Amino acid sequence: MEAEEVIRGLQNELAIEQAKNAVLLERLLELEDGAAEARLSEFGDVIPNEDRDYWRGQFLENGAQA
């Protein structure tokens, strides 16, 4: 019986940590998107609207490699 309680406890703790990671990942993605949008606004006068998605992807890729 004790082993089952330990397993349940560990499963609960794992679920909590996974939920925390999901929240952190969502926040990270929001921040990355915000940074990409800020970079796009810096070049807004030279990047046409139809190319914004391409350049947003480039800014995100470059940020990941840095």
# chains A, B, ... in the order shown; residues from 1 in each chain; ligands from 1
$ select_by_dssp --residues "chain A" --states "alpha helix (DSSP H)" --output "ChimeraX atom specification"
/A:2-42,52-65
$ residues_around --residues "Arg56 (chain A)" --least-positions-apart "5" --cutoff "9 Å" --atoms "only C-alpha atoms" --output "MDAnalysis selection string"
chainID A and resid 33 36:37 39:40 51 61
$ atom_distance --atom1 "CA of Gln65 (chain A)" --atom2 "CA of Glu30 (chain A)"
17.8 Å
